[in-house]
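**Q** If you scroll down you'll find the structure; I have some questions about it.
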Amino acid sequence: MLHETRDLIQEARRQVEICNACRYCEGFCSVFPAMTREHAFADGDITHLANLCHNCRGCYYSCQYTEPHEFALNLPAALAEVRQDSWERLVWPQPLARSFHDSGVKIAVMLVLGFAVLFWALAAFKPDAGDGFYAHLAHNAMVAIFTPAFILPLLAVAIGIRRYWREVEARPFRLEHLFGAIRQVATLRNLDGGQGQGCNFEKEDRYSNARRHCHQAVLYGFLLCFAATASGTIMHYVFNMPAPYPLFSLPKLLGVPGGILLTIGTIGLAYLKTKADPALGAARVWGGEMAFIGLLGFVAVSGLVLYAMTGTAAVPGLLALHLGSVLTLFLLLPFTKMVHGFFRMTALVAEEGLKKG
Ligand code: SF4
Ligand code: SF4
């Protein structure tokens, strides 16, 4: 374990021990009930608490021990630092994870490279015949590029999740724990402040549900887009119905609302981030997180524009921009904020098991 990691965990442990004695914030989120199970906190316990925290900041604005008090409590920041470090430490390969999270510039460079690869592929694999997108890029070339770009990052994340599971000494996996975690994710219950009033992310000591709603728009927008792609794949391979698809088809009926939700959600999250105090999060990754939100938004907007421009001369260029951004999103999945979805879900599943003993 790196010296820096030990320091982050040690500082979070100091703060968690104070909170565990105080317990004023018990009803705010799943961190505090999990905390009360322990009297002494191992490194894995701190990693687990950090991944249960949603950085709603309610505990900070309720706390009587923040600076200038000598305890100098800032639990959202302490847990954010440990959480961020855990993603960078546990995902494989670690040097790539450490490299991208805090660098918006590197993410932007990767995006340009993604565009370049797709422009090259469009020129190199232009088919003699085909409909829709396949008139510009052969189906086999698309599969050859995107299959490894999808599977390899998932493998890197899976290695990280396995390491997390061991580090926090989670109980054996059970389906009922997964369903319990899905229920929490589906409603983003841990962003409701405990009683539905919302969180304190961007309005400091006032409550707001804006972050929860924007986050839900991104979550459901992304899932709809993913379902649209999956339905297109099934129609292609199982029912021999290749693209392009009309508006009243499953891929479009799922994909268009998904793209709109994703666009609205990413704009909202970026705006809220500019309003929130960086000192209550992992400040060093602010630029990387903003770049990631921008990338996600670009995927959504370019997809919608591409669909709107179907049949025009702009399609080849737009196709390269859209698929290039999708390629970048996939490849960076383990090394950007995108990975938080996997770790958060795993933490909630592990917590379901731990709290049932
Ligand atoms: S954040 Fe402050 S008020 Fe809340 S439990 Fe911790 S010490 Fe108590
Ligand atoms: S910031 Fe919010 S989610 Fe995190 S520990 Fe505090 S109250 Fe819980």
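The chains in the structure tokens are called A, B, ... from first to last as shown; in each chain the residues are counted from 1, and the ligands are counted from 1 in the order shown.
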Show me which residues are within 6 Å of ligand 2 counting only C-alpha atoms and all ligand atoms, and format the list as a PyMOL selection string.

**A** chain A and resi 28-29+31+53-59+76

**Q** Hey, which residues come within 9 Å of ligand 1 if we count only C-alpha atoms and all ligand atoms? Could you give them as a ChimeraX atom specification?

**A** /A:15-26,32,58-66,71,73-76

**Q** Suppose we keep C-alpha atoms; can you now write the selection as an mmCIF file, in the first residue's frame?

**A**
```cif
data_model
loop_
_atom_site.group_PDB
_atom_site.id
_atom_site.type_symbol
_atom_site.label_atom_id
_atom_site.label_comp_id
_atom_site.auth_asym_id
_atom_site.auth_seq_id
_atom_site.Cartn_x
_atom_site.Cartn_y
_atom_site.Cartn_z
ATOM 1 C CA GLN A 15 -12.752 11.421 11.339
ATOM 2 C CA VAL A 16 -14.880 8.272 11.227
ATOM 3 C CA GLU A 17 -13.986 7.497 14.844
ATOM 4 C CA ILE A 18 -15.198 10.951 15.897
ATOM 5 C CA CYS A 19 -18.419 10.457 13.930
ATOM 6 C CA ASN A 20 -18.929 7.036 15.451
ATOM 7 C CA ALA A 21 -18.824 8.607 18.888
ATOM 8 C CA CYS A 22 -21.116 11.473 17.869
ATOM 9 C CA ARG A 23 -23.644 9.718 15.581
ATOM 10 C CA TYR A 24 -25.621 12.895 14.980
ATOM 11 C CA CYS A 25 -25.805 12.176 11.222
ATOM 12 C CA GLU A 26 -27.077 8.612 11.614
ATOM 13 C CA PHE A 32 -23.492 6.005 9.276
ATOM 14 C CA GLY A 58 -25.223 16.753 4.423
ATOM 15 C CA CYS A 59 -22.966 15.619 7.256
ATOM 16 C CA TYR A 60 -20.524 18.497 6.663
ATOM 17 C CA TYR A 61 -23.167 21.219 6.865
ATOM 18 C CA SER A 62 -24.722 19.642 9.983
ATOM 19 C CA CYS A 63 -21.472 19.193 11.808
ATOM 20 C CA GLN A 64 -20.432 21.180 14.859
ATOM 21 C CA TYR A 65 -16.843 19.943 14.564
ATOM 22 C CA THR A 66 -15.800 21.477 11.234
ATOM 23 C CA PHE A 71 -11.355 18.354 15.216
ATOM 24 C CA LEU A 73 -14.057 17.471 10.448
ATOM 25 C CA ASN A 74 -14.617 17.307 6.706
ATOM 26 C CA LEU A 75 -15.990 13.802 6.288
ATOM 27 C CA PRO A 76 -17.198 14.226 2.657
#
```

**Q** For Leu191 in chain A, find every residue with an atom within 12 Å (counting only C-alpha atoms), except residues of its own chain fewer than 5 positions away, and show them as number ranges by chain.

**A** A: 27-31, 52-58, 184-186, 196-201, 207-216

**Q** To test your reading of the structure, identify every residue in range 22-231 of chain A that backbone DSSP assigns to alpha helix (DSSP H), and report it as a compact mmCIF listing (two decimals) with N, CA and C atoms, in the first residue's frame.

**A**
```
# COMPACT_ATOMS: atom_id res chain seq x y z
N CYS A 22 -20.09 10.42 17.91
CA CYS A 22 -21.12 11.47 17.87
C CYS A 22 -22.48 10.93 17.38
N VAL A 31 -23.77 5.34 5.09
CA VAL A 31 -22.44 5.32 5.71
C VAL A 31 -22.55 5.17 7.23
N PHE A 32 -23.46 5.96 7.81
CA PHE A 32 -23.49 6.00 9.28
C PHE A 32 -24.01 4.70 9.91
N PRO A 33 -25.09 4.10 9.40
CA PRO A 33 -25.48 2.80 9.95
C PRO A 33 -24.36 1.76 9.80
N ALA A 34 -23.62 1.81 8.68
CA ALA A 34 -22.52 0.86 8.48
C ALA A 34 -21.41 1.11 9.50
N MET A 35 -21.20 2.38 9.80
CA MET A 35 -20.16 2.78 10.75
C MET A 35 -20.42 2.21 12.15
N ASP A 43 -8.38 -0.99 7.52
CA ASP A 43 -8.26 -0.24 6.26
C ASP A 43 -9.42 -0.57 5.31
N GLY A 44 -9.77 -1.87 5.25
CA GLY A 44 -10.86 -2.29 4.36
C GLY A 44 -12.20 -1.67 4.77
N ASP A 45 -12.41 -1.52 6.08
CA ASP A 45 -13.66 -0.89 6.56
C ASP A 45 -13.74 0.55 6.05
N ILE A 46 -12.61 1.25 6.10
CA ILE A 46 -12.61 2.66 5.66
C ILE A 46 -12.85 2.73 4.15
N THR A 47 -12.21 1.83 3.40
CA THR A 47 -12.45 1.79 1.95
C THR A 47 -13.94 1.56 1.66
N HIS A 48 -14.54 0.67 2.43
CA HIS A 48 -15.96 0.35 2.22
C HIS A 48 -16.86 1.55 2.56
N LEU A 49 -16.62 2.18 3.69
CA LEU A 49 -17.42 3.37 4.06
C LEU A 49 -17.27 4.46 2.99
N ALA A 50 -16.05 4.61 2.49
CA ALA A 50 -15.80 5.65 1.47
C ALA A 50 -16.60 5.38 0.20
N ASN A 51 -16.75 4.11 -0.14
CA ASN A 51 -17.49 3.79 -1.36
C ASN A 51 -19.00 3.76 -1.15
N LEU A 52 -19.43 3.80 0.10
CA LEU A 52 -20.87 3.96 0.38
C LEU A 52 -21.27 5.44 0.34
N GLY A 58 -24.30 16.46 3.33
CA GLY A 58 -25.22 16.75 4.42
C GLY A 58 -24.52 16.72 5.76
N CYS A 59 -23.63 15.76 5.95
CA CYS A 59 -22.97 15.62 7.26
C CYS A 59 -22.05 16.81 7.51
N TYR A 60 -21.43 17.35 6.46
CA TYR A 60 -20.52 18.50 6.66
C TYR A 60 -21.30 19.71 7.18
N TYR A 61 -22.43 20.00 6.51
CA TYR A 61 -23.17 21.22 6.86
C TYR A 61 -23.95 21.08 8.16
N SER A 62 -24.04 19.84 8.69
CA SER A 62 -24.72 19.64 9.98
C SER A 62 -23.74 19.57 11.13
N LEU A 75 -15.82 15.21 6.64
CA LEU A 75 -15.99 13.80 6.29
C LEU A 75 -16.21 13.59 4.79
N PRO A 76 -17.02 14.44 4.11
CA PRO A 76 -17.20 14.23 2.66
C PRO A 76 -15.87 14.24 1.90
N ALA A 77 -14.97 15.16 2.26
CA ALA A 77 -13.68 15.23 1.55
C ALA A 77 -12.79 14.05 1.91
N ALA A 78 -12.75 13.71 3.21
CA ALA A 78 -11.88 12.60 3.64
C ALA A 78 -12.31 11.30 2.94
N LEU A 79 -13.63 11.05 2.90
CA LEU A 79 -14.10 9.83 2.25
C LEU A 79 -13.92 9.89 0.73
N ALA A 80 -14.09 11.09 0.16
CA ALA A 80 -13.90 11.24 -1.30
C ALA A 80 -12.46 10.92 -1.69
N GLU A 81 -11.51 11.35 -0.87
CA GLU A 81 -10.09 11.08 -1.17
C GLU A 81 -9.81 9.58 -1.11
N VAL A 82 -10.33 8.92 -0.09
CA VAL A 82 -10.11 7.47 0.04
C VAL A 82 -10.80 6.72 -1.10
N ARG A 83 -12.00 7.15 -1.41
CA ARG A 83 -12.78 6.49 -2.48
C ARG A 83 -12.05 6.62 -3.82
N GLN A 84 -11.63 7.83 -4.12
CA GLN A 84 -10.91 8.08 -5.37
C GLN A 84 -9.65 7.23 -5.44
N ASP A 85 -8.93 7.21 -4.33
CA ASP A 85 -7.69 6.43 -4.27
C ASP A 85 -7.99 4.94 -4.47
N SER A 86 -9.11 4.47 -3.90
CA SER A 86 -9.43 3.04 -4.03
C SER A 86 -9.68 2.66 -5.48
N TRP A 87 -10.35 3.53 -6.23
CA TRP A 87 -10.59 3.21 -7.65
C TRP A 87 -9.26 3.15 -8.41
N GLU A 88 -8.39 4.09 -8.10
CA GLU A 88 -7.12 4.16 -8.82
C GLU A 88 -6.18 3.03 -8.40
N ARG A 89 -6.33 2.57 -7.18
CA ARG A 89 -5.44 1.54 -6.63
C ARG A 89 -5.88 0.14 -7.04
N LEU A 90 -7.20 -0.08 -7.10
CA LEU A 90 -7.70 -1.45 -7.25
C LEU A 90 -7.93 -1.85 -8.71
N GLN A 94 -3.04 -0.42 -12.80
CA GLN A 94 -3.04 0.73 -11.89
C GLN A 94 -2.43 2.01 -12.48
N PRO A 95 -1.32 1.92 -13.23
CA PRO A 95 -0.73 3.18 -13.75
C PRO A 95 -1.70 3.95 -14.65
N LEU A 96 -2.50 3.25 -15.44
CA LEU A 96 -3.47 3.94 -16.30
C LEU A 96 -4.54 4.61 -15.46
N ALA A 97 -5.02 3.90 -14.44
CA ALA A 97 -6.05 4.47 -13.57
C ALA A 97 -5.52 5.72 -12.88
N ARG A 98 -4.29 5.65 -12.38
CA ARG A 98 -3.72 6.81 -11.69
C ARG A 98 -3.51 7.97 -12.66
N SER A 99 -3.37 7.65 -13.93
CA SER A 99 -3.01 8.66 -14.91
C SER A 99 -4.20 9.51 -15.39
N PHE A 100 -5.36 8.87 -15.58
CA PHE A 100 -6.46 9.58 -16.25
C PHE A 100 -7.42 10.31 -15.33
N GLY A 104 -8.01 16.13 -17.12
CA GLY A 104 -8.94 16.42 -18.21
C GLY A 104 -8.23 16.50 -19.55
N VAL A 105 -6.97 16.95 -19.51
CA VAL A 105 -6.20 17.09 -20.76
C VAL A 105 -5.98 15.72 -21.40
N LYS A 106 -5.58 14.74 -20.57
CA LYS A 106 -5.33 13.40 -21.12
C LYS A 106 -6.62 12.80 -21.68
N ILE A 107 -7.75 13.05 -21.01
CA ILE A 107 -9.03 12.54 -21.51
C ILE A 107 -9.34 13.18 -22.86
N ALA A 108 -9.07 14.49 -22.99
CA ALA A 108 -9.31 15.18 -24.25
C ALA A 108 -8.41 14.64 -25.37
N VAL A 109 -7.14 14.35 -25.00
CA VAL A 109 -6.21 13.79 -26.01
C VAL A 109 -6.72 12.42 -26.47
N MET A 110 -7.19 11.62 -25.51
CA MET A 110 -7.74 10.30 -25.87
C MET A 110 -8.94 10.45 -26.80
N LEU A 111 -9.74 11.49 -26.56
CA LEU A 111 -10.92 11.71 -27.41
C LEU A 111 -10.48 12.02 -28.85
N VAL A 112 -9.47 12.85 -28.98
CA VAL A 112 -8.97 13.18 -30.32
C VAL A 112 -8.43 11.92 -30.99
N LEU A 113 -7.72 11.08 -30.21
CA LEU A 113 -7.22 9.82 -30.77
C LEU A 113 -8.38 8.91 -31.20
N GLY A 114 -9.43 8.92 -30.39
CA GLY A 114 -10.62 8.12 -30.75
C GLY A 114 -11.21 8.59 -32.08
N PHE A 115 -11.30 9.93 -32.24
CA PHE A 115 -11.78 10.47 -33.52
C PHE A 115 -10.88 10.00 -34.66
N ALA A 116 -9.55 10.09 -34.43
CA ALA A 116 -8.59 9.75 -35.49
C ALA A 116 -8.75 8.30 -35.91
N VAL A 117 -8.91 7.42 -34.92
CA VAL A 117 -9.06 5.99 -35.23
C VAL A 117 -10.30 5.77 -36.09
N LEU A 118 -11.38 6.45 -35.74
CA LEU A 118 -12.62 6.24 -36.49
C LEU A 118 -12.56 6.85 -37.88
N PHE A 119 -11.93 8.02 -38.02
CA PHE A 119 -11.77 8.60 -39.36
C PHE A 119 -10.92 7.67 -40.24
N TRP A 120 -9.86 7.09 -39.62
CA TRP A 120 -9.01 6.15 -40.36
C TRP A 120 -9.84 4.92 -40.75
N ALA A 121 -10.61 4.38 -39.78
CA ALA A 121 -11.40 3.17 -40.06
C ALA A 121 -12.42 3.42 -41.16
N LEU A 122 -13.02 4.62 -41.14
CA LEU A 122 -14.02 4.93 -42.18
C LEU A 122 -13.37 4.94 -43.57
N ALA A 123 -12.13 5.43 -43.62
CA ALA A 123 -11.45 5.47 -44.91
C ALA A 123 -10.96 4.08 -45.31
N ALA A 124 -10.45 3.32 -44.32
CA ALA A 124 -9.82 2.03 -44.64
C ALA A 124 -10.85 0.92 -44.90
N HIS A 139 -19.74 -3.50 -41.34
CA HIS A 139 -20.21 -4.05 -40.07
C HIS A 139 -19.11 -4.83 -39.36
N ASN A 140 -18.37 -5.65 -40.11
CA ASN A 140 -17.31 -6.46 -39.50
C ASN A 140 -16.22 -5.58 -38.88
N ALA A 141 -15.91 -4.45 -39.55
CA ALA A 141 -14.89 -3.54 -39.01
C ALA A 141 -15.37 -2.93 -37.70
N MET A 142 -16.67 -2.57 -37.68
CA MET A 142 -17.24 -1.99 -36.46
C MET A 142 -17.15 -3.00 -35.30
N VAL A 143 -17.51 -4.25 -35.60
CA VAL A 143 -17.46 -5.29 -34.56
C VAL A 143 -16.01 -5.50 -34.11
N ALA A 144 -15.07 -5.52 -35.09
CA ALA A 144 -13.66 -5.76 -34.74
C ALA A 144 -13.10 -4.66 -33.86
N ILE A 145 -13.55 -3.42 -34.06
CA ILE A 145 -13.04 -2.31 -33.24
C ILE A 145 -13.71 -2.29 -31.86
N PHE A 146 -15.04 -2.46 -31.85
CA PHE A 146 -15.77 -2.20 -30.60
C PHE A 146 -15.85 -3.40 -29.65
N THR A 147 -15.73 -4.61 -30.16
CA THR A 147 -15.82 -5.76 -29.25
C THR A 147 -14.66 -5.75 -28.23
N PRO A 148 -13.39 -5.69 -28.67
CA PRO A 148 -12.32 -5.62 -27.66
C PRO A 148 -12.37 -4.34 -26.84
N ALA A 149 -12.81 -3.24 -27.47
CA ALA A 149 -12.86 -1.97 -26.74
C ALA A 149 -13.92 -1.99 -25.65
N PHE A 150 -14.85 -2.94 -25.72
CA PHE A 150 -15.89 -3.07 -24.71
C PHE A 150 -15.49 -4.12 -23.67
N ILE A 151 -14.94 -5.25 -24.15
CA ILE A 151 -14.68 -6.37 -23.25
C ILE A 151 -13.44 -6.12 -22.37
N LEU A 152 -12.36 -5.60 -22.95
CA LEU A 152 -11.13 -5.41 -22.16
C LEU A 152 -11.32 -4.45 -20.99
N PRO A 153 -11.97 -3.28 -21.18
CA PRO A 153 -12.20 -2.42 -20.02
C PRO A 153 -13.06 -3.08 -18.95
N LEU A 154 -14.06 -3.87 -19.37
CA LEU A 154 -14.89 -4.55 -18.37
C LEU A 154 -14.05 -5.54 -17.56
N LEU A 155 -13.10 -6.17 -18.22
CA LEU A 155 -12.19 -7.08 -17.52
C LEU A 155 -11.37 -6.32 -16.48
N ALA A 156 -10.87 -5.14 -16.88
CA ALA A 156 -10.08 -4.31 -15.95
C ALA A 156 -10.92 -3.92 -14.73
N VAL A 157 -12.19 -3.59 -14.98
CA VAL A 157 -13.09 -3.22 -13.87
C VAL A 157 -13.35 -4.44 -12.99
N ALA A 158 -13.58 -5.61 -13.63
CA ALA A 158 -13.89 -6.83 -12.87
C ALA A 158 -12.74 -7.17 -11.93
N ILE A 159 -11.50 -6.97 -12.38
CA ILE A 159 -10.34 -7.23 -11.50
C ILE A 159 -10.40 -6.28 -10.30
N GLY A 160 -10.73 -5.02 -10.55
CA GLY A 160 -10.84 -4.04 -9.47
C GLY A 160 -11.93 -4.41 -8.47
N ILE A 161 -13.06 -4.87 -8.99
CA ILE A 161 -14.19 -5.23 -8.12
C ILE A 161 -13.83 -6.44 -7.24
N ARG A 162 -13.13 -7.39 -7.84
CA ARG A 162 -12.72 -8.58 -7.08
C ARG A 162 -11.77 -8.17 -5.95
N ARG A 163 -10.84 -7.29 -6.28
CA ARG A 163 -9.90 -6.82 -5.24
C ARG A 163 -10.66 -6.08 -4.15
N TYR A 164 -11.65 -5.27 -4.53
CA TYR A 164 -12.44 -4.53 -3.54
C TYR A 164 -13.16 -5.50 -2.60
N TRP A 165 -13.78 -6.50 -3.19
CA TRP A 165 -14.55 -7.48 -2.42
C TRP A 165 -13.68 -8.13 -1.35
N ARG A 166 -12.43 -8.45 -1.73
CA ARG A 166 -11.50 -9.06 -0.78
C ARG A 166 -11.06 -8.06 0.28
N GLU A 167 -10.76 -6.84 -0.17
CA GLU A 167 -10.23 -5.84 0.77
C GLU A 167 -11.24 -5.51 1.86
N LEU A 175 -28.04 -13.30 -4.33
CA LEU A 175 -28.91 -12.53 -5.22
C LEU A 175 -29.77 -11.52 -4.47
N GLU A 176 -30.23 -11.90 -3.29
CA GLU A 176 -31.09 -10.96 -2.52
C GLU A 176 -30.32 -9.68 -2.18
N HIS A 177 -28.99 -9.80 -1.99
CA HIS A 177 -28.18 -8.60 -1.72
C HIS A 177 -28.11 -7.73 -2.96
N LEU A 178 -27.99 -8.38 -4.13
CA LEU A 178 -27.96 -7.63 -5.38
C LEU A 178 -29.28 -6.88 -5.59
N PHE A 179 -30.40 -7.56 -5.33
CA PHE A 179 -31.70 -6.90 -5.52
C PHE A 179 -31.86 -5.72 -4.56
N GLY A 180 -31.39 -5.90 -3.34
CA GLY A 180 -31.45 -4.80 -2.36
C GLY A 180 -30.65 -3.60 -2.85
N ALA A 181 -29.47 -3.87 -3.42
CA ALA A 181 -28.62 -2.78 -3.92
C ALA A 181 -29.27 -2.12 -5.14
N ILE A 182 -29.86 -2.92 -6.02
CA ILE A 182 -30.51 -2.35 -7.22
C ILE A 182 -31.64 -1.41 -6.81
N ARG A 183 -32.39 -1.79 -5.78
CA ARG A 183 -33.48 -0.92 -5.32
C ARG A 183 -32.94 0.45 -4.87
N GLN A 184 -31.80 0.43 -4.21
CA GLN A 184 -31.23 1.71 -3.74
C GLN A 184 -30.71 2.54 -4.90
N VAL A 185 -30.07 1.86 -5.87
CA VAL A 185 -29.52 2.58 -7.03
C VAL A 185 -30.65 3.15 -7.88
N ALA A 186 -31.71 2.37 -8.05
CA ALA A 186 -32.81 2.78 -8.93
C ALA A 186 -33.44 4.09 -8.46
N THR A 187 -33.46 4.29 -7.14
CA THR A 187 -34.08 5.52 -6.61
C THR A 187 -33.03 6.53 -6.15
N ALA A 210 -31.67 18.60 -6.95
CA ALA A 210 -31.19 18.76 -8.33
C ALA A 210 -30.15 17.72 -8.71
N ARG A 211 -29.20 17.46 -7.80
CA ARG A 211 -28.15 16.49 -8.15
C ARG A 211 -28.74 15.09 -8.32
N ARG A 212 -29.66 14.76 -7.43
CA ARG A 212 -30.29 13.44 -7.53
C ARG A 212 -31.02 13.30 -8.88
N HIS A 213 -31.78 14.33 -9.26
CA HIS A 213 -32.54 14.25 -10.51
C HIS A 213 -31.62 14.22 -11.73
N CYS A 214 -30.58 15.05 -11.72
CA CYS A 214 -29.63 15.04 -12.86
C CYS A 214 -28.93 13.69 -12.95
N HIS A 215 -28.59 13.16 -11.78
CA HIS A 215 -27.91 11.87 -11.76
C HIS A 215 -28.84 10.78 -12.29
N GLN A 216 -30.11 10.87 -11.92
CA GLN A 216 -31.07 9.88 -12.43
C GLN A 216 -31.22 10.00 -13.95
N ALA A 217 -31.22 11.24 -14.45
CA ALA A 217 -31.33 11.44 -15.90
C ALA A 217 -30.14 10.79 -16.61
N VAL A 218 -28.94 10.95 -16.03
CA VAL A 218 -27.75 10.33 -16.64
C VAL A 218 -27.85 8.81 -16.56
N LEU A 219 -28.21 8.32 -15.38
CA LEU A 219 -28.28 6.87 -15.18
C LEU A 219 -29.28 6.22 -16.14
N TYR A 220 -30.51 6.76 -16.15
CA TYR A 220 -31.53 6.13 -17.01
C TYR A 220 -31.28 6.43 -18.48
N GLY A 221 -30.72 7.59 -18.79
CA GLY A 221 -30.35 7.89 -20.17
C GLY A 221 -29.32 6.91 -20.68
N PHE A 222 -28.30 6.66 -19.85
CA PHE A 222 -27.26 5.72 -20.24
C PHE A 222 -27.84 4.32 -20.41
N LEU A 223 -28.67 3.89 -19.46
CA LEU A 223 -29.25 2.54 -19.55
C LEU A 223 -30.13 2.40 -20.79
N LEU A 224 -30.89 3.45 -21.12
CA LEU A 224 -31.73 3.40 -22.33
C LEU A 224 -30.86 3.29 -23.59
N CYS A 225 -29.78 4.07 -23.63
CA CYS A 225 -28.87 4.00 -24.79
C CYS A 225 -28.25 2.62 -24.90
N PHE A 226 -27.86 2.07 -23.74
CA PHE A 226 -27.28 0.72 -23.74
C PHE A 226 -28.31 -0.30 -24.21
N ALA A 227 -29.55 -0.15 -23.73
CA ALA A 227 -30.62 -1.07 -24.15
C ALA A 227 -30.89 -0.93 -25.65
N ALA A 228 -30.79 0.30 -26.16
CA ALA A 228 -31.00 0.52 -27.60
C ALA A 228 -29.94 -0.23 -28.42
N THR A 229 -28.68 -0.14 -27.97
CA THR A 229 -27.60 -0.83 -28.68
C THR A 229 -27.79 -2.34 -28.58
N ALA A 230 -28.16 -2.82 -27.37
CA ALA A 230 -28.36 -4.26 -27.18
C ALA A 230 -29.51 -4.76 -28.05
N SER A 231 -30.60 -3.97 -28.12
CA SER A 231 -31.74 -4.42 -28.93
C SER A 231 -31.37 -4.45 -30.41
```

**Q** When distances are computed from only C-alpha atoms, which of A:Ala72, A:His340, A:Phe133, A:Gly193 shows the smallest separation from Met309 in chain A?

**A** A:Phe133

**Q** So that I can see what lies close to Val299 in chain A, please list as a ChimeraX atom specification the residues with an atom at most 9 Å from it, counting only C-alpha atoms and leaving out residues fewer than 5 positions away in the same chain.

**A** /A:259,262-263,294,304,321-326,329

**Q** Please compute the CA of Ala291 in chain A-CA of Gly303 in chain A distance, one decimal, in Å.

**A** 18.2 Å

**Q** Within 9 Å of Lys273 in chain A, counting only C-alpha atoms, which residues show up once you throw out same-chain ones fewer than 3 positions away? Write them as a list in words, please.

**A**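 What passes the distance filter is Phe201, Glu202, Gly268, Leu269, Ala270, Ala276, Asp277, Pro278, Trp286 and Met290 of chain A.
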